[in-house]
Each structure stands twice: as structure tokens, then as C-alpha cells.
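Peer 1: Attaching a single structure in C-alpha cells format; questions to follow.
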Amino acid sequence: MKYMVLLCDGMADTPNENLNGKTPMECANKPIIDMLASKSEVGMCKTVADGLKPGSDVANLSVMGYDPKVCYTGRSPLEAASIGIDLKDTDVTLRCNIVTLSGEETYEDKTMVDYCSGDISTKEAEQIIKTVEEKLGNDIYKFYSGVSYRHCLVVSNGTTDLGEMTPPHDISGRVIGDYLSKSPNAKPLIELMKKSYDILKDHPVNIERRKKGLNTADSIWLWGEGTKPAIENFKDKNGVSGCVVSAVDLLKGIGKCAGMLTPEVEGATGYLDTNFEGKANAGIKAFKDGCDLVYFHFEAPDECGHRGEALNKVKSIEYIENRALKPILNYLDNCGDDYRILIMPDHPTPLDIKTHSSQPVPYMIYDSRKSQNGVSSFTEKDASATEIFVEHGPDMMKKLLERQ
């Protein structure tokens with residue numbers, strides 16, 4: 001038996017006026033997904049438990065079968081694990097975005113223009129973070145480069161008692177002063193952010209990006225604090241071997257902490273320009289090499305939601321189906337083994353609010369051995385209409401593996 005998860009990050013949404021009152025899932029041309037849904041168990045799942053923030057960290061841990069209330073120690077430590085940072089028990093890590101801010105003289109008066117610096121390339125970002133490390137790094141603070149705009153700061157003997165360190169994608173277009181933590185413990189970190197602006201505003205990378213009309217990487221933005229994670233080995237927990245195929249350090253970090261394979265895919269970016277085919281091929285290779293379960297994670301719908309790009313969010317769903325699911329399904333249909341497929345988002349990222357919400361998400365489980373009475377179209381509305389509801393998100397993995 002082979003198991004596959006197609007995790008479409010942030011795909012769920014609410015009706016949007018730019019889509020004639022429909023959601024991206026309702027607008028997307030996805031005949032393969034809808035065909036599977038017509039033969040699947042379809043329902044809704046609560047992936048974000050009460051009291052937890054609706055981040056991709058919490059939600060994906062939940063879908064993978066881990067209870068965040070038990071094992072979650074913060075987002076950044078998971079990303080640090082992906083980068084290969086050997087954390088001490090006394091280390092605190094933070095996600096270090098590089099962002100575009102407006103030009104007001106006082107830092108607090110600046111506006112969050114772009115939480116991802118125009119989806120800056122990893123090559124350019126490495127130069128930015130190298131400079132930040134040279135100027136601001138020391139025995140206490142150590143900066144590590146990641147992918148695109150996503151990087152990491154490790155604080156030696158740090159604290160997670162930092163007040164509200166707001167994710168930058170939550171405040172797009174807003175003046176940042178009201179979203180800087182007022183906690184005394186966070187003051188040194190806020191100072192690092194302020195100093196980084198002076199260091200980066202005339203950085204050679206930014207000079208070239210201005211010439212090209214691109215958003216610049218003006219400042220670091222610190223958030224997502226946490227300590228060394230402790231996640232149970234996936235195979236020991238579930239009895240099957242696993243692989244995570246993703247472009248983002250967060251998901252690869254969860255995979256590495258869980259003892260799963262985490263192949264590198266050239267050209268995987270986490271946006272519409274990602275290497276969909278390469279990710280599909282990496283997962284197929286894992287299956288061929290004997291892996292029991294492959295968790296395919298596609299970030300593009302989430303990114304489009306954060307940017308308010310309605311048509312691109314529709315397009316991202318269609319790309320996932322045509323360029324990834326189609327070849328994966330072709331392999332599974334011809335591999336000679338039975339298989340089960342789980343397709344779902346981790347959380348909604350509604351276009352209207354440009355950030356995550358905690359609302360339940362639609363799911364479908366397809367089994368090649370049997371056909372069920374599913375729904376005609378895999379959408380939020382049709383999934384809700386089945387009245388099948390999974391209250392505890394971590395139970396989804398048990399359902400997929402038929403352990404519940």
C-alpha cells in the first residue's frame with residue numbers, strides 16, 4: 001500500500017468579489033481532483049486547535065498526525081532544523097524575513113510594503129544575510145541564510161518571552177509601529193531590525209534591484225520564536241516510512257525532525273514559478289525507492305492568498321493538478337500497488353484578509369480499492385455539506401492510514 005498527501009497550503013478561502021462571489025477552489029478547473037472527490041470520503045477538518053495561532057507550522061504538524069499542543073515549540077526551530085543548524089537546549093531561534101519597508105525617516109513610521117522583498121532570489125538573499133551577519137552577528141546573535149526571503153536568527157541563551165512578535169505577512173500595507181513588540185525582552189531584537197535598515201538600504205543588491213524596478217530588501221523582520229523541537233519519529237509513530245517534498249524550510253524541518261526523507265528539488269520556490277514537475281518526480285522517486293508515504297507540500301496558494309492575488313490563486317490550484325498531481329496519479333495507477341490519497345489545505349488563507357484563519361478546511365480521502373459516494377466538486381461548500389467533520393486535526397493521518 002502506498003499513501004500520498006497532497007497538501008495545498010492555504011488553498012481554502014471565502015467567496016471573493018474578484019471571482020464573482022466564488023472561492024478559488026470553486027473557480028479552478030480541476031477535473032482530476034473533482035473526479036477523485038466523486039469517489040472519496042469528503043468532509044471538513046479542524047486543523048488548528050482552539051488557543052493556537054493558525055500558522056502553517058501548527059496546521060501541517062496537525063495534518064502529519066502530531067498534536068501541536070504536545071510537541072510544538074515554535075516555528076523557527078523547525079526551519080533551523082531544515083537549514084542544518086545544530087541547536088543547543090538553551091538556544092532560541094527566530095524566523096528572519098527580509099522585507100520591503102517604506103522610506104519614512106523614523107522606523108516606527110514605516111509601512112510594510114512587501115513581506116517577501118519581491119520574492120527575492122535565494123542568491124541575492126544570501127548576500128543580504130551575509131552582510132547582516134557580518135555587521136550584527138556576534139557571540140549572542142548568529143544569522144543563517146535559508147531560501148528566498150526566509151532566514152533564521154539563533155540567540156544564545158535567549159528567551160521566548162518576547163511579547164507579540166508579529167508575522168510580517170499579517171501586516172501588509174500597514175504602518176509597522178503598532179506591531180513592534182513592547183516587551184523589554186524584545187527590545188534588543190527590535191534594535192537589530194532598526195540597525196538592519198541602515199545597513200541594507202544602500203546594499204549593492206538593493207541598488208541593482210532599484211534599477212530593475214524591483215522591491216528592495218530593506219530590513220530584517222524577526223518573529224516565530226521557539227526552542228529546540230522534540231518530534232516523534234514518523235515511522236516509529238505510524239509504522240510507515242515517510243518523505244516530505246517541499247520548497248520551504250518549515251516543512252523540510254518538520255520532516256527532518258520526524259526522521260523523514262526531505263529531497264532537495266532544484267527550482268522549488270514556494271510560489272507560482274516553482275518546479276511543480278520536479279517536486280512530483282522527487283516524490284515518485286521516493287515511492288520507487290521504497291518509501292510508503294509521500295507528503296507533497298505546495299506553498300503557492302498560500303503565497304497568492306497573502307498577496308491578494310485572486311486569479312493567481314486559482315491558477316496555483318490548476319498548476320498543482322496539471323503539473324504535479326497528474327503525473328503522480330499516473331505513476332500510482334501503474335505501479336502495481338493499492339494506494340490512498342489525502343488532498344486538503346492546512347488552513348485557509350482568505351484573499352480578503354491576506355493572512356491565515358483558523359476555520360476548518362475541506363479534505364478528501366481516495367482509496368484505489370473502493371469507490372465511495374463523494375461530491376461532484378471538491379470545494380469548501382460541498383465538503384461542508386457532507387456533514388462529515390474531523391474535530392481533532394491530528395486524527396487525519398490515522399484516517400489516511402486506516403488506524404482509526
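For the C-alpha cells, the naming scheme is as follows: chains receive sequential letters (A, B, ...) according to their order of presentation, residues are indexed from 1 within each chain, and ligands are indexed from 1 in presentation order.
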Mind the document's chain letters and residue numbers, and return as number ranges by chain the residues of region 27-244 of chain A that DSSP labels strand (DSSP E).

Peer 2: A: 41-45, 92-101, 112-114, 141-147, 150-155, 219-226, 242-244

Peer 1: For Asp292 (chain A), find every residue with an atom within 12 Å (counting only C-alpha atoms), except residues of its own chain fewer than 2 positions away, and show them as a short mmCIF file (atom, residue, chain, number, x, y, z; two decimals) with C-alpha atoms, in the first residue's frame.

Peer 2:
```
data_model
loop_
_atom_site.label_atom_id
_atom_site.label_comp_id
_atom_site.auth_asym_id
_atom_site.auth_seq_id
_atom_site.Cartn_x
_atom_site.Cartn_y
_atom_site.Cartn_z
CA MET A 1 0.00 0.00 0.00
CA LYS A 2 1.21 3.49 -0.90
CA TYR A 3 -0.01 6.65 0.79
CA MET A 4 0.08 10.17 -0.60
CA VAL A 5 -0.77 13.54 0.89
CA PHE A 234 7.30 9.33 11.92
CA LYS A 235 7.94 5.65 11.18
CA ASN A 238 2.90 5.30 12.32
CA GLY A 239 4.61 2.13 11.14
CA VAL A 240 5.28 3.53 7.66
CA SER A 241 8.28 5.35 6.20
CA GLY A 242 7.74 8.93 5.06
CA CYS A 243 9.06 11.62 2.73
CA VAL A 244 8.31 15.36 2.64
CA MET A 260 11.53 11.54 7.08
CA LEU A 261 13.25 11.96 3.73
CA GLY A 283 8.06 12.10 -4.71
CA ILE A 284 7.70 9.43 -7.39
CA LYS A 285 11.37 8.58 -6.91
CA ALA A 286 10.80 8.23 -3.17
CA PHE A 287 7.95 5.79 -3.86
CA LYS A 288 10.13 3.82 -6.27
CA ASP A 289 12.90 3.68 -3.66
CA GLY A 290 10.54 2.01 -1.21
CA VAL A 294 4.96 10.92 0.45
CA TYR A 295 3.75 14.28 1.73
CA ASP A 337 0.19 -1.32 -5.63
CA ASP A 338 -3.02 -0.15 -4.00
CA TYR A 339 -2.92 3.43 -2.79
CA ARG A 340 -4.74 6.03 -0.71
CA LEU A 401 -3.51 5.07 7.33
#
```

Peer 1: Give the alpha helix (DSSP H) residues of region 158-261 of chain A, as assigned by DSSP on the backbone, as a ChimeraX atom specification.

Peer 2: /A:187-200,204-211,234-238,249-257

Peer 1: Find the residues around Ser219 (chain A) up to 9 Å (only C-alpha atoms counted), leave out those fewer than 6 positions away in its own chain, and share them as a PyMOL selection string.

Peer 2: chain A and resi 97-101+193-201

Peer 1: Considering only C-alpha atoms, tabulate each residue of region 69-121 of chain A that lies at most 6 Å from region 246-259 of chain A along with its nearest interatomic pair and the corresponding distance in Å to one decimal; arrange the rows by chain and ascending residue number and present them as JSON lines.

Peer 2:
```
{"residue": "A:Leu78", "atom": "CA", "partner": "A:Gly253", "partner_atom": "CA", "distance": 4.6}
{"residue": "A:Glu79", "atom": "CA", "partner": "A:Leu250", "partner_atom": "CA", "distance": 4.4}
{"residue": "A:Ala81", "atom": "CA", "partner": "A:Gly253", "partner_atom": "CA", "distance": 4.9}
{"residue": "A:Ser82", "atom": "CA", "partner": "A:Gly253", "partner_atom": "CA", "distance": 4.0}
```

Peer 1: Any chance you could export the current selection's all heavy atoms as a PDB file, in the first residue's frame?

Peer 2:
```pdb
ATOM      1  N   LEU A  78      11.921  24.658  13.695  1.00  0.00           N
ATOM      2  CA  LEU A  78      11.697  23.680  12.630  1.00  0.00           C
ATOM      3  C   LEU A  78      12.438  24.090  11.363  1.00  0.00           C
ATOM      4  O   LEU A  78      13.020  23.267  10.662  1.00  0.00           O
ATOM      5  CB  LEU A  78      10.201  23.534  12.361  1.00  0.00           C
ATOM      6  CG  LEU A  78       9.368  23.047  13.558  1.00  0.00           C
ATOM      7  CD1 LEU A  78       7.891  23.186  13.272  1.00  0.00           C
ATOM      8  CD2 LEU A  78       9.724  21.598  13.881  1.00  0.00           C
ATOM      9  N   GLU A  79      12.418  25.382  11.071  1.00  0.00           N
ATOM     10  CA  GLU A  79      13.151  25.887   9.906  1.00  0.00           C
ATOM     11  C   GLU A  79      14.659  25.756  10.136  1.00  0.00           C
ATOM     12  O   GLU A  79      15.418  25.457   9.202  1.00  0.00           O
ATOM     13  CB  GLU A  79      12.759  27.336   9.650  1.00  0.00           C
ATOM     14  CG  GLU A  79      11.286  27.479   9.283  1.00  0.00           C
ATOM     15  CD  GLU A  79      10.828  28.913   9.140  1.00  0.00           C
ATOM     16  OE1 GLU A  79      11.310  29.772   9.900  1.00  0.00           O
ATOM     17  OE2 GLU A  79       9.981  29.172   8.283  1.00  0.00           O
ATOM     18  N   ALA A  81      16.117  23.439  11.774  1.00  0.00           N
ATOM     19  CA  ALA A  81      16.466  22.035  11.550  1.00  0.00           C
ATOM     20  C   ALA A  81      16.662  21.755  10.073  1.00  0.00           C
ATOM     21  O   ALA A  81      17.553  20.992   9.680  1.00  0.00           O
ATOM     22  CB  ALA A  81      15.372  21.137  12.121  1.00  0.00           C
ATOM     23  N   SER A  82      15.845  22.390   9.226  1.00  0.00           N
ATOM     24  CA  SER A  82      15.977  22.197   7.787  1.00  0.00           C
ATOM     25  C   SER A  82      17.289  22.764   7.266  1.00  0.00           C
ATOM     26  O   SER A  82      17.954  22.160   6.419  1.00  0.00           O
ATOM     27  CB  SER A  82      14.808  22.856   7.054  1.00  0.00           C
ATOM     28  OG  SER A  82      14.984  22.790   5.659  1.00  0.00           O
TER      29      SER A  82
END
```

Peer 1: Just to confirm, what's the straight-line distance from CA of Lys123 (chain A) to CA of Phe298 (chain A) in Å (one decimal)?

Peer 2: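 Distance reported for this atom pair: 21.6 Å.
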
Peer 1: What does the distance from CA of Asp346 (chain A) to CA of Glu380 (chain A) come to in Å, to one decimal?

Peer 2: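 Those two atoms sit 13.1 Å apart.
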